[in-house]
Each structure stands twice: as structure tokens, then as C-alpha cells.
$ cat input_8.cif   # mmCIF, C-alpha atoms
data_final
loop_
_atom_site.label_atom_id
_atom_site.label_comp_id
_atom_site.auth_asym_id
_atom_site.auth_seq_id
_atom_site.Cartn_x
_atom_site.Cartn_y
_atom_site.Cartn_z
CA MET A 1 0.00 0.00 0.00
CA ASN A 2 1.47 3.36 -0.98
CA ALA A 3 1.22 6.51 1.12
CA ASN A 4 -1.82 7.95 -0.66
CA GLU A 5 -3.78 4.71 -0.52
CA TYR A 6 -2.96 4.45 3.16
CA ILE A 7 -3.98 8.05 3.89
CA ASN A 8 -7.32 7.56 2.12
CA SER A 9 -8.04 4.16 3.68
CA GLY A 10 -9.28 5.47 7.02
CA ALA A 11 -6.42 3.78 8.89
CA ILE A 12 -5.26 7.14 10.27
CA GLU A 13 -8.77 7.89 11.55
CA ALA A 14 -8.89 4.51 13.30
CA TYR A 15 -5.48 5.22 14.88
CA ILE A 16 -6.49 8.67 16.10
CA HIS A 17 -9.79 7.50 17.57
CA GLY A 18 -8.09 4.71 19.48
CA LEU A 19 -9.72 1.94 17.45
CA ALA A 20 -6.49 0.55 16.01
CA ASP A 21 -5.15 -2.75 17.32
CA GLU A 22 -1.47 -3.43 17.94
CA ALA A 23 -0.82 -4.44 14.33
CA ASP A 24 -2.55 -1.26 13.07
CA ILE A 25 -0.54 0.92 15.46
CA ALA A 26 2.70 -0.71 14.34
CA GLN A 27 1.70 -0.15 10.72
CA GLN A 28 0.86 3.50 11.41
CA LEU A 29 4.23 4.15 13.05
CA GLU A 30 6.03 2.28 10.30
CA MET A 31 4.22 4.26 7.57
CA GLU A 32 4.98 7.52 9.37
CA GLY A 33 8.65 6.58 9.52
CA ARG A 34 8.72 5.69 5.85
CA TYR A 35 6.48 8.43 4.44
CA PRO A 36 6.62 11.97 5.90
CA GLU A 37 3.31 12.71 4.16
CA VAL A 38 1.56 10.08 6.29
CA ARG A 39 2.82 11.76 9.46
CA ALA A 40 1.77 15.14 8.07
CA ALA A 41 -1.69 13.77 7.20
CA ARG A 42 -2.10 12.32 10.70
CA MET A 43 -1.09 15.61 12.35
CA ALA A 44 -3.35 17.65 10.05
CA LEU A 45 -6.29 15.36 10.78
CA GLU A 46 -5.66 15.52 14.52
CA GLU A 47 -5.57 19.30 14.40
CA GLN A 48 -8.75 19.40 12.35
CA LEU A 49 -10.59 17.11 14.78
CA GLU A 50 -9.34 19.12 17.74
CA GLN A 51 -10.51 22.40 16.23
CA GLN A 52 -13.92 20.90 15.46
CA ALA A 53 -14.22 19.52 18.97
CA LEU A 54 -13.23 22.85 20.53
CA GLN A 55 -15.87 24.61 18.45
CA MET A 56 -18.70 22.45 19.78
CA PRO A 57 -18.08 22.02 23.49
CA LEU A 58 -20.63 20.62 25.91
CA ALA A 59 -20.39 22.99 28.87
CA ASN A 60 -20.70 22.02 32.51
CA PRO A 61 -22.06 23.98 35.47
CA ALA A 62 -19.44 26.35 36.93
CA ALA A 63 -19.34 24.31 40.16
CA THR A 64 -17.99 21.32 38.25
CA ARG A 65 -14.76 23.18 37.52
CA GLU A 66 -14.09 23.78 41.21
CA ARG A 67 -15.04 20.22 42.13
CA ILE A 68 -12.65 18.72 39.59
CA LEU A 69 -9.78 21.07 40.39
CA ASN A 70 -10.24 20.34 44.10
CA ALA A 71 -10.19 16.61 43.36
CA LEU A 72 -6.87 17.11 41.55
CA LYS A 73 -5.49 19.04 44.53
CA GLU A 74 -6.37 16.11 46.77
CA GLU A 75 -4.80 13.73 44.26
CA LYS A 76 -1.62 15.77 44.39
CA ALA A 77 -1.64 15.78 48.20
CA HIS A 78 -1.80 11.98 48.17
CA THR A 79 1.15 11.69 45.82
CA THR A 80 4.19 10.97 47.93
CA LYS A 81 7.63 11.76 46.75
CA VAL A 82 10.12 9.02 47.56
CA VAL A 83 13.33 10.58 48.83
CA THR A 84 16.38 8.88 47.41
CA MET A 85 18.83 8.12 50.14
CA PRO A 86 22.51 8.76 49.39
CA THR A 87 24.19 5.46 48.65
CA ASP A 88 27.36 6.55 46.87
CA LEU A 89 29.77 6.07 49.71
CA LYS A 90 32.78 6.18 47.39
CA ALA A 91 32.19 9.87 46.98
CA ALA A 92 32.56 10.45 50.70
CA PRO A 93 35.93 11.62 52.06
CA LYS A 94 38.24 8.70 52.87
CA PRO A 95 37.66 7.88 56.54
CA ILE A 96 40.55 7.95 58.90
CA ARG A 97 41.46 4.56 60.40
CA TRP A 98 39.92 4.96 63.86
CA PHE A 99 36.70 6.11 62.26
CA ARG A 100 36.04 2.86 60.35
CA THR A 101 33.91 1.37 63.11
CA ALA A 102 31.75 4.44 63.24
CA LEU A 103 31.41 4.40 59.44
CA ALA A 104 30.35 0.73 59.47
CA ALA A 105 27.72 1.59 62.07
CA SER A 106 26.53 4.47 59.88
CA VAL A 107 26.18 2.17 56.88
CA LEU A 108 24.14 -0.25 58.98
CA LEU A 109 21.94 2.60 60.16
CA LEU A 110 21.56 3.80 56.60
CA MET A 111 20.52 0.35 55.40
CA GLY A 112 18.07 0.13 58.28
CA SER A 113 16.70 3.51 57.36
CA VAL A 114 16.26 2.48 53.70
CA LEU A 115 14.49 -0.69 54.78
CA LEU A 116 12.21 1.28 57.09
CA ASN A 117 11.48 3.77 54.31
CA PHE A 118 10.60 0.91 52.02
CA TYR A 119 8.38 -0.67 54.70
CA PHE A 120 6.50 2.57 55.42
CA TYR A 121 6.18 3.37 51.72
CA SER A 122 4.73 -0.10 51.08
CA GLN A 123 2.28 0.43 53.94
CA TYR A 124 1.34 3.83 52.52
CA THR A 125 0.82 2.37 49.04
CA ASP A 126 -1.32 -0.40 50.49
CA PHE A 127 -3.54 2.06 52.39
CA SER A 128 -3.67 4.35 49.38
CA ASN A 129 -4.85 1.48 47.17
CA ARG A 130 -7.46 0.47 49.73
CA TYR A 131 -8.69 4.07 49.92
CA GLU A 132 -9.05 4.17 46.13
CA GLU A 133 -10.89 0.87 46.16
CA LEU A 134 -13.33 2.15 48.78
CA SER A 135 -13.85 5.41 46.86
CA ALA A 136 -14.58 3.46 43.70
CA ARG A 137 -17.06 1.23 45.56
CA GLN A 138 -18.74 4.28 47.06
CA ASN A 139 -19.13 5.78 43.57
CA VAL A 140 -20.69 2.57 42.30
CA LEU A 141 -23.14 2.53 45.22
CA ALA A 142 -24.01 6.20 44.69
CA ASN A 143 -24.64 5.52 41.01
CA LYS A 144 -26.86 2.56 41.92
CA ALA A 145 -28.80 4.72 44.39
CA ASN A 146 -29.29 7.42 41.76
CA ALA A 147 -30.41 4.86 39.19
CA MET A 148 -32.85 3.37 41.73
CA GLU A 149 -34.25 6.82 42.57
CA ALA A 150 -34.69 7.60 38.87
CA SER A 151 -36.44 4.24 38.39
CA MET A 152 -38.85 4.93 41.26
CA GLN A 153 -39.70 8.36 39.90
CA MET A 154 -40.40 6.85 36.51
CA ILE A 155 -42.62 4.07 37.90
CA LYS A 156 -44.66 6.58 39.92
CA SER A 157 -45.46 8.68 36.86
CA PRO A 158 -49.19 8.55 36.01
CA GLN A 159 -48.25 8.40 32.31
CA VAL A 160 -46.51 5.07 32.76
CA GLN A 161 -48.45 1.84 32.32
CA PRO A 162 -47.06 -1.35 33.86
CA VAL A 163 -47.41 -4.38 31.58
CA VAL A 164 -46.93 -7.60 33.51
CA MET A 165 -45.59 -10.43 31.34
CA GLN A 166 -46.34 -13.88 32.77
CA GLY A 167 -44.71 -17.14 31.75
CA VAL A 168 -46.31 -18.84 28.75
CA PRO A 169 -47.35 -22.52 29.13
CA GLY A 170 -44.30 -24.55 30.03
CA ASN A 171 -42.61 -21.54 31.65
CA ALA A 172 -44.79 -21.08 34.72
CA GLY A 173 -43.34 -18.81 37.35
CA MET A 174 -41.33 -16.71 34.93
CA MET A 175 -42.21 -13.06 35.04
CA ALA A 176 -41.04 -9.65 33.82
CA THR A 177 -42.67 -6.24 33.77
CA VAL A 178 -42.53 -3.53 31.14
CA TYR A 179 -43.15 0.07 32.21
CA TYR A 180 -44.51 1.69 29.12
CA ASP A 181 -44.93 5.42 28.63
CA LYS A 182 -47.15 5.76 25.58
CA SER A 183 -46.78 9.54 25.48
CA THR A 184 -42.97 9.44 25.14
CA THR A 185 -42.81 5.85 23.76
CA ASP A 186 -40.21 5.06 26.45
CA VAL A 187 -39.96 1.39 27.40
CA TYR A 188 -38.35 0.19 30.62
CA LEU A 189 -37.99 -3.43 31.63
CA MET A 190 -37.88 -4.97 35.09
CA VAL A 191 -36.89 -8.62 35.36
CA ASN A 192 -38.94 -10.19 38.14
CA ASN A 193 -38.08 -13.82 37.58
CA LEU A 194 -36.18 -15.11 34.59
CA PRO A 195 -33.52 -17.80 34.80
CA MET A 196 -29.97 -16.82 33.85
CA PRO A 197 -29.59 -17.56 30.13
CA GLN A 198 -27.15 -20.28 29.20
CA LYS A 199 -23.92 -19.35 27.44
CA GLY A 200 -24.45 -18.17 23.87
CA LYS A 201 -28.06 -17.14 24.54
CA GLN A 202 -29.60 -13.77 25.32
CA TYR A 203 -33.09 -12.56 26.15
CA GLN A 204 -34.71 -10.22 23.64
CA LEU A 205 -37.73 -8.00 24.22
CA TRP A 206 -40.36 -7.77 21.50
CA ALA A 207 -43.29 -5.42 21.09
CA GLN A 208 -46.39 -6.25 19.11
CA VAL A 209 -47.23 -3.28 16.88
CA ASP A 210 -50.16 -3.61 14.49
CA GLY A 211 -49.82 -7.38 14.42
CA GLN A 212 -46.06 -7.33 13.81
CA MET A 213 -43.39 -8.29 16.35
CA VAL A 214 -40.87 -5.44 16.60
CA ASP A 215 -37.43 -5.75 18.20
CA ALA A 216 -37.40 -3.71 21.45
CA GLY A 217 -33.81 -4.43 22.42
CA LEU A 218 -31.57 -7.05 23.97
CA LEU A 219 -31.45 -7.65 27.68
CA THR A 220 -27.96 -7.29 29.06
CA TRP A 221 -27.85 -9.46 32.15
CA THR A 222 -26.91 -7.43 35.20
CA ASP A 223 -28.09 -7.04 38.76
CA ASP A 224 -26.85 -3.47 38.98
CA VAL A 225 -29.99 -1.82 37.68
CA ALA A 226 -33.59 -2.43 38.60
CA LEU A 227 -34.95 -0.98 35.39
CA ILE A 228 -33.37 -1.37 32.00
CA LYS A 229 -34.09 1.21 29.35
CA MET A 230 -35.07 -0.51 26.12
CA SER A 231 -35.77 0.81 22.64
CA ARG A 232 -38.56 3.31 22.21
CA ILE A 233 -41.73 1.78 20.75
CA ALA A 234 -44.85 3.59 19.59
CA ASN A 235 -48.32 2.02 19.71
CA ALA A 236 -47.32 -1.27 21.29
CA GLN A 237 -50.24 -3.57 22.01
CA ALA A 238 -48.28 -6.31 23.76
CA PHE A 239 -44.79 -7.25 24.88
CA ALA A 240 -42.96 -10.57 24.97
CA ILE A 241 -39.50 -11.88 25.80
CA SER A 242 -37.85 -14.71 23.94
CA LEU A 243 -34.54 -16.47 24.41
CA GLU A 244 -32.42 -15.92 21.31
CA PRO A 245 -28.86 -16.63 20.20
CA GLU A 246 -26.45 -14.06 21.65
CA GLY A 247 -26.67 -10.86 19.64
CA GLY A 248 -30.39 -11.25 19.04
CA SER A 249 -32.60 -12.23 16.14
CA LYS A 250 -34.53 -10.30 13.52
CA VAL A 251 -37.74 -12.14 14.32
CA PRO A 252 -38.65 -13.89 17.56
CA THR A 253 -38.16 -17.63 17.82
CA LEU A 254 -41.73 -18.53 18.69
CA THR A 255 -40.83 -21.78 20.45
CA GLU A 256 -38.52 -19.77 22.73
CA VAL A 257 -41.01 -17.13 23.87
CA LYS A 258 -40.89 -17.20 27.66
CA VAL A 259 -43.22 -14.46 28.90
CA LEU A 260 -46.01 -12.43 27.35
CA GLY A 261 -48.29 -9.57 28.42
CA LYS A 262 -50.83 -7.23 26.81
CA ALA A 263 -50.44 -3.46 27.10
CA MET B 1 -12.92 31.94 35.55
CA LYS B 2 -10.74 31.66 32.46
CA GLN B 3 -6.98 31.61 32.62
CA ALA B 4 -5.32 34.50 30.86
CA GLU B 5 -2.19 32.55 29.92
CA GLN B 6 -1.69 30.88 26.58
CA TYR B 7 0.65 27.93 26.45
CA THR B 8 2.19 26.05 23.59
CA GLU B 9 1.39 22.35 23.74
CA ALA B 10 4.96 21.56 24.81
CA GLN B 11 4.82 24.13 27.62
CA LEU B 12 1.45 22.83 28.75
CA VAL B 13 2.63 19.21 28.83
CA SER B 14 5.72 20.22 30.77
CA LEU B 15 3.61 22.06 33.37
CA LEU B 16 1.13 19.19 33.57
CA GLN B 17 3.95 16.75 34.19
CA ALA B 18 5.13 19.04 36.99
CA ARG B 19 1.54 18.76 38.38
CA LYS B 20 1.04 22.52 38.31
CA GLN B 21 -2.48 23.39 39.38
CA GLU B 22 -2.66 26.33 37.00
CA ALA B 23 -1.89 24.01 34.08
CA PHE B 24 -4.81 21.74 35.02
CA ALA B 25 -7.05 24.80 35.38
CA TYR B 26 -5.99 25.85 31.88
CA LEU B 27 -6.61 22.32 30.64
CA TYR B 28 -10.11 22.39 32.13
CA ASP B 29 -10.94 25.80 30.70
CA HIS B 30 -9.81 24.86 27.21
CA TYR B 31 -10.66 21.20 26.84
CA SER B 32 -13.34 20.16 29.36
CA GLY B 33 -16.18 21.05 26.98
CA ALA B 34 -14.72 19.01 24.13
CA LEU B 35 -13.94 16.05 26.40
CA ASN B 36 -17.38 16.28 27.97
CA ALA B 37 -18.97 16.02 24.51
CA ILE B 38 -17.04 12.80 23.84
CA ILE B 39 -18.16 11.34 27.18
CA TYR B 40 -21.75 12.40 26.60
CA ALA B 41 -21.75 10.72 23.18
CA VAL B 42 -21.12 7.42 24.98
CA VAL B 43 -23.08 7.72 28.25
CA GLY B 44 -25.97 9.84 26.94
CA ASP B 45 -26.57 11.53 30.28
CA ALA B 46 -25.20 14.96 31.19
CA THR B 47 -25.05 14.31 34.95
CA VAL B 48 -23.18 11.06 34.50
CA ALA B 49 -20.89 12.76 31.98
CA GLU B 50 -19.89 15.26 34.67
CA ASP B 51 -18.82 12.46 37.02
CA VAL B 52 -16.92 10.69 34.27
CA LEU B 53 -15.23 13.98 33.36
CA GLN B 54 -13.76 14.14 36.86
CA GLU B 55 -12.43 10.61 36.46
CA VAL B 56 -10.90 11.65 33.12
CA PHE B 57 -9.01 14.53 34.70
CA ILE B 58 -7.75 12.26 37.46
CA ARG B 59 -6.54 9.75 34.86
CA ILE B 60 -4.80 12.55 32.96
CA PHE B 61 -3.19 13.68 36.23
CA ARG B 62 -1.94 10.16 36.96
CA LYS B 63 -0.82 9.23 33.45
CA ILE B 64 0.54 12.44 32.00
CA GLU B 65 4.11 11.03 32.11
CA LEU B 66 2.99 8.36 29.63
CA TYR B 67 1.93 10.91 27.03
CA ASP B 68 4.21 10.71 23.97
CA HIS B 69 4.00 13.75 21.72
CA SER B 70 5.61 11.91 18.82
CA LYS B 71 2.61 9.58 18.59
CA SER B 72 -0.27 12.03 18.92
CA ARG B 73 -1.36 15.49 19.91
CA LEU B 74 -2.27 16.02 23.56
CA TYR B 75 -5.96 16.43 22.72
CA THR B 76 -6.04 13.13 20.80
CA TRP B 77 -4.49 11.37 23.78
CA MET B 78 -6.98 12.96 26.19
CA ALA B 79 -9.91 12.20 23.88
CA GLN B 80 -9.01 8.50 23.94
CA ILE B 81 -8.83 8.61 27.76
CA ALA B 82 -12.27 10.27 27.82
CA ARG B 83 -13.87 7.69 25.54
CA ASN B 84 -12.29 4.80 27.46
CA ALA B 85 -13.41 6.23 30.82
CA ALA B 86 -16.96 6.62 29.52
CA ILE B 87 -17.01 3.04 28.22
CA ASP B 88 -15.55 1.80 31.53
CA TRP B 89 -18.35 3.58 33.39
CA MET B 90 -20.99 2.03 31.16
CA ARG B 91 -19.57 -1.43 31.70
CA LYS B 92 -19.13 -0.93 35.46
CA THR B 93 -22.73 0.15 35.88
CA GLY B 94 -24.13 -2.50 33.55
CA ASN B 95 -25.45 0.02 31.08
CA GLN B 96 -25.55 -0.67 27.40
CA PRO B 97 -24.19 2.19 25.35
CA SER B 98 -25.93 2.09 22.04
CA VAL B 99 -27.42 4.56 19.67
CA VAL B 100 -30.84 3.03 20.29
CA ASN B 101 -30.69 3.32 24.05
CA GLN B 102 -29.24 6.82 24.24
CA LYS B 103 -31.37 9.61 25.58
CA ALA B 104 -32.55 12.00 22.94
CA PRO B 105 -30.67 15.30 22.71
CA GLU B 106 -33.56 17.21 24.22
CA ASP B 107 -33.11 15.26 27.46
CA VAL B 108 -29.91 17.14 28.26
CA PRO B 109 -30.50 19.25 31.38
CA THR B 110 -30.78 22.93 30.70
CA GLN B 111 -28.60 23.85 33.68
CA ALA B 112 -25.55 23.03 31.55
CA SER B 113 -24.15 26.43 32.02
CA THR B 114 -22.96 28.69 29.28
CA SER B 115 -23.66 27.31 25.87
CA PHE B 116 -24.99 23.84 25.41
CA ASN B 117 -24.62 23.19 21.73
CA PRO B 118 -26.96 20.53 20.34
CA ASP B 119 -24.41 19.88 17.61
CA THR B 120 -22.38 17.91 20.14
CA THR B 121 -24.93 15.11 19.85
CA ASP B 122 -24.41 14.93 16.10
CA VAL B 123 -21.92 12.09 16.41
CA ARG B 124 -24.69 9.65 17.25
CA GLN B 125 -26.97 11.03 14.58
CA TRP B 126 -24.21 10.80 12.01
CA ILE B 127 -23.37 7.26 13.00
CA ALA B 128 -27.04 6.42 12.52
CA GLN B 129 -26.78 7.65 8.94
CA LEU B 130 -24.00 5.23 8.02
CA PRO B 131 -24.84 2.15 5.96
CA LYS B 132 -25.86 -0.70 8.29
CA PRO B 133 -22.66 -2.79 8.14
CA GLU B 134 -20.48 0.24 8.89
CA GLN B 135 -22.91 1.65 11.43
CA GLN B 136 -22.87 -1.63 13.34
CA VAL B 137 -19.08 -1.90 13.63
CA VAL B 138 -18.59 1.81 14.43
CA ILE B 139 -21.13 1.56 17.26
CA LEU B 140 -19.50 -1.58 18.61
CA ALA B 141 -15.97 -0.17 18.32
CA TYR B 142 -16.40 3.51 19.14
CA LEU B 143 -19.36 3.60 21.52
CA GLU B 144 -19.15 0.16 23.10
CA GLY B 145 -15.37 -0.20 23.16
CA LEU B 146 -15.10 -3.65 21.60
CA THR B 147 -11.82 -4.45 19.89
CA GLN B 148 -11.91 -5.22 16.19
CA GLU B 149 -10.96 -8.81 17.05
CA GLU B 150 -13.96 -9.06 19.42
CA ILE B 151 -16.28 -7.63 16.79
CA SER B 152 -14.93 -10.12 14.27
CA GLN B 153 -15.79 -12.99 16.64
CA LEU B 154 -19.15 -11.51 17.61
CA LEU B 155 -20.30 -11.02 14.03
CA GLN B 156 -18.45 -14.07 12.74
CA THR B 157 -16.90 -11.90 10.06
CA PRO B 158 -13.22 -11.88 9.02
CA LEU B 159 -11.06 -9.39 10.91
CA GLY B 160 -9.95 -7.75 7.64
CA THR B 161 -13.58 -7.05 6.71
CA ILE B 162 -14.25 -5.53 10.14
CA LYS B 163 -11.19 -3.29 9.83
CA SER B 164 -12.28 -2.15 6.37
CA ARG B 165 -15.78 -1.34 7.64
CA VAL B 166 -14.45 0.58 10.65
CA ARG B 167 -12.10 2.57 8.45
CA SER B 168 -14.59 3.37 5.71
CA GLY B 169 -17.19 4.24 8.36
CA LEU B 170 -14.80 6.72 9.96
CA VAL B 171 -13.93 8.27 6.61
CA LYS B 172 -17.64 8.70 5.84
CA LEU B 173 -18.23 10.27 9.25
CA ARG B 174 -15.41 12.72 8.61
CA THR B 175 -16.92 13.63 5.26
CA MET B 176 -20.36 14.13 6.82
CA MET B 177 -18.85 16.39 9.49
CA GLN B 178 -17.04 18.46 6.89
CA VAL B 179 -20.11 18.80 4.70
CA ASN B 180 -22.36 19.75 7.60
CA ARG B 181 -20.04 22.32 9.21
#
$ encode --input "input_8.cif" --output "C-alpha cells"
Amino acid sequence: MNANEYINSGAIEAYIHGLADEADIAQQLEMEGRYPEVRAARMALEEQLEQQALQMPLANPAATRERILNALKEEKAHTTKVVTMPTDLKAAPKPIRWFRTALAASVLLLMGSVLLNFYFYSQYTDFSNRYEELSARQNVLANKANAMEASMQMIKSPQVQPVVMQGVPGNAGMMATVYYDKSTTDVYLMVNNLPMPQKGKQYQLWAQVDGQMVDAGLLTWTDDVALIKMSRIANAQAFAISLEPEGGSKVPTLTEVKVLGKA
Amino acid sequence: MKQAEQYTEAQLVSLLQARKQEAFAYLYDHYSGALNAIIYAVVGDATVAEDVLQEVFIRIFRKIELYDHSKSRLYTWMAQIARNAAIDWMRKTGNQPSVVNQKAPEDVPTQASTSFNPDTTDVRQWIAQLPKPEQQVVILAYLEGLTQEEISQLLQTPLGTIKSRVRSGLVKLRTMMQVNR
């Protein structure tokens, strides 16, 4: 591939957007080394994308700036500088004979000090890692709480109609509920009781619209969220869930329909 | 409050590596809006995007020594951190980032301070205009963070075909952006 073909192939775009794999990255660097015009094209494209991005920012509230800068201050405060202990004893003045014992003792003390520094630094790193872990967990819990609150608000809305889907014959006990807002066409799904799909399978929600079954989205299995936002559907008369090959199907596999409910 | 100083990219990187607070303030004032737009394109929620933006700045703070100017511009490097952080958040919280499940642009809270520009949501709209095969792989790669190898396995399509679709999809997106600007 010559330089022009490479430039026009989209490989540079993939590299810039972080979509290139290791082989692509190696090829990009190799092409840049071999053809200055490839490097120039990459830099020009980067500059163009940056200018476009800077011209269409998505602004945040002013308080966000202070919050983030304060978080960085705290991050800096937690960063510990490791002091390098002097170890180049050859550079020291030659000790006089009677001072050798004292020097040996100093070296021992120095080694002890280095070991203690290492021990305390390890302890600090350990606590620091634990603190980060706890912070991350707290963020996850806060996000869950927010998601739960948003779900409750949505369920309470008078516009939202719950559609209970019961297990079809042969699947007694299975149950899921769709919360359907006809005015906005929003569809949310709550899994009440569905068995974990086996490997290679995935649940798919379907909506019946004017006699046709319309794909309403795949169910990503997670216990993190109570309500899962699905695709928007207008004028749904019923909902159903079927078990499909992973990645979903274009039409429902009728023998695999598990639950069904009318809107 | 905007910083009055103007730095060259080399000066800015040097100050960031020295962990100078004023350099991070400058970085926020100049780039937070652009980075926020990238995050929003993935998470589809302005409040969540704010939280992810903080994580992005912390990652930049921690990793700035790894930035290599010979491989990319600073913004390109930060943009990749932003997209990865957004995808990490979506995976951590069990959300499914897809064009279909994104909130519509009008759902963005109006308190977004100075100048919310609806154009920032164009990325998703433009992706939706791509031909289906390209649209599918660009969504999986760019918004959902799958590697090209993973997409190849998922779609049971040769890796070379996936790479071609990703590349031609990106070229078409660039053309759309140029035409529509």
C-alpha cells in the first residue's frame, strides 16, 4: 500500500480515535517513519478534529470546575515523593582509620533507614490502594442509588403503564414487567423472575405493533440496575420476551417465547 | 474563571507533568467542553458525563508522564482517555451504550451552564446515517469499546472485513462532518 492509498483508507482515523489494534498501530508508526506525508496527514487530521471539537463544546455547570480542580489538589496531596537516600559512599571523604567502626555503624543505620522507608512506603501504598478501592465502591453505590431513585420516579409517573408479562405454558413462574410510557414511547424493563440464560443465549424483548413483532432491544444481564431502558416503541399492544442466540434475532423464535403480556 | 495565559502544547505538557495546578485549570478551561462532549456521546446523560469527566481529569493527572508527543497530539491522547473512561463507566454500571438506548438530545438538562450546543450530539446522529454494516461496527468499536478482534468474533466476520468497515465508516463520518459544518 502506498502513502496515498494508506492516507485515504481510514487507517489514520482509526489510529487517532483509538480503534487501532497493535498491528494497526505498528503499521501506522512504520508508515509515518517511511512516508513523511503520512505523518503530516495524521497531524493535520488531529488538528482538524481538535478544532472541530473545541468549536462544539458541551459545557458544565461552573461548580464542576471547582469540584474537579479540588479533586486534583487532593490527588496531588496523596502523591508521595520518595526521597532517594545517598548510597554513593565512594564519593565520601576517605575515613581515617579509627573512624572505620563508626562508618560501618553508619552504613548499617543507613541500610536500616532504607528498609524502614521501604516498609513505610509499602504500607502507605497499600492504604492508598485500599482508599481508592473504597472510593470506587462508594461511587458505584451512589450511582446505583441514583439509578434506583430515577427508576422509582419513573414508575410513579401517572403516564406510565405497567405491563406484567407472565410465563407462557411450560414456563410457569417466569415473570417480567414492562413500564410503558405511551406519550414518550419510552420502554423500561424490570426482570422479576427469569432464569440466567445459558452461554451463547440472550433474552430479547419484543413489542407487538399492528400485528407485527418489533425488536425492542436485547437484555444485558446485570443485577446493577432495577430498570433497564429498552428501545422506544410507539403504539405497542403487547410485549414478549424470547430467548435468542447471543446478539439477538430479527424475528422472535416462537418456540422460545418465555413471557407475554398485553399493554 | 478563564486563565489568561496561553501555552504552547509543549509548555502545557511540561507544566502538567510538573503537576502545576494552573496548568490543570488551563486544561479544564480549554478542553473540558470538548472532552465532555465525547463522554456524553457514549453515556448519553449529562449528569453522568460530569462524574466521568472528573475521572478523566484524574486519569490525565496520573498518566501524563505516559503521554508521547511523537505519537499524537495532547488532545487526541486525552480524547481517547475520555472515551475509554466513559465506556468503563458504562460497563461498570451494567449500562448498554448504544445509539438506540441513548437519551434524545432534548433530554440534556438545561442547567448546563454557558452554551450547550446541540451539535455535540451529532456524532450519534451521524453514525445512525452510516450504511448498516459500517454503522454496526462503528457503534460496537467507538461507543461500546469492543476491539476489532472481538467484533470479528461476535459477528463471525473476518477481521480484515471488520477493519475495512471501521475505516470506511470513519472516513464517511469525517466527510459528513465536513459537509455539515
$ closest_residue --input "input_8.cif" --among "A:Gly261, A:Pro61, A:Gly247, A:Gly200" --to "chain B" --atoms "all atoms listed in the file"
A:Pro61
$ residues_around --input "input_8.cif" --residues "segment 225-233 of chain A" --least-positions-apart "6" --cutoff "6 Å" --atoms "all atoms listed in the file" --output "PyMOL selection string"
(chain A and resi 185-190+216-217) or (chain B and resi 100-101)
$ residues_around --input "input_8.cif" --residues "segment 193-198 of chain A" --least-positions-apart "2" --cutoff "9 Å" --atoms "all atoms listed in the file" --output "list of chain:residue names"
A:Gly173, A:Met174, A:Met175, A:Ala176, A:Val191, A:Gly200, A:Lys201, A:Gln202, A:Tyr203, A:Trp221, A:Leu243, A:Lys258
$ resolve_selection --input "input_8.cif" --expression "the PyMOL selection byres ((chain A) within 6 of (chain B))" --output "PyMOL selection string"
chain A and resi 10-11+18+53-54+56-61+68+222+231
$ resolve_selection --input "input_8.cif" --expression "the PyMOL selection byres ((chain A and resi 169) around 12)" --output "ChimeraX atom specification"
/A:166-168,170-174,255-260
$ residues_near_point --input "input_8.cif" --point "(-2.4, 12.6, 14.3)" --cutoff "7 Å" --atoms "only C-alpha atoms" --output "ChimeraX atom specification"
/A:16,42-46 /B:72-73
$ closest_residue --input "input_8.cif" --among "B:Leu27, B:Leu16, B:Leu143, B:Ala85" --to "Arg124 of chain B" --atoms "only C-alpha atoms"
B:Leu143
$ atom_distance --input "input_8.cif" --atom1 "atom CA of Gln153 of chain B" --atom2 "atom CA of Ile139 of chain B"
15.5 Å
$ closest_residue --input "input_8.cif" --among "A:Ala14, A:Val251, A:Val163, A:Leu49" --to "Ala236 of chain A" --atoms "all atoms listed in the file"
A:Val163
$ atom_distance --input "input_8.cif" --atom1 "atom CA of Leu219 of chain A" --atom2 "atom CA of Trp126 of chain B"
25.3 Å
$ atom_distance --input "input_8.cif" --atom1 "atom CA of Val214 of chain A" --atom2 "atom CA of Phe239 of chain A"
9.3 Å
$ resolve_selection --input "input_8.cif" --expression "the PyMOL selection byres ((chain A and resi 183) around 9)" --output "PyMOL selection string"
chain A and resi 159-160+180-182+184-186+234
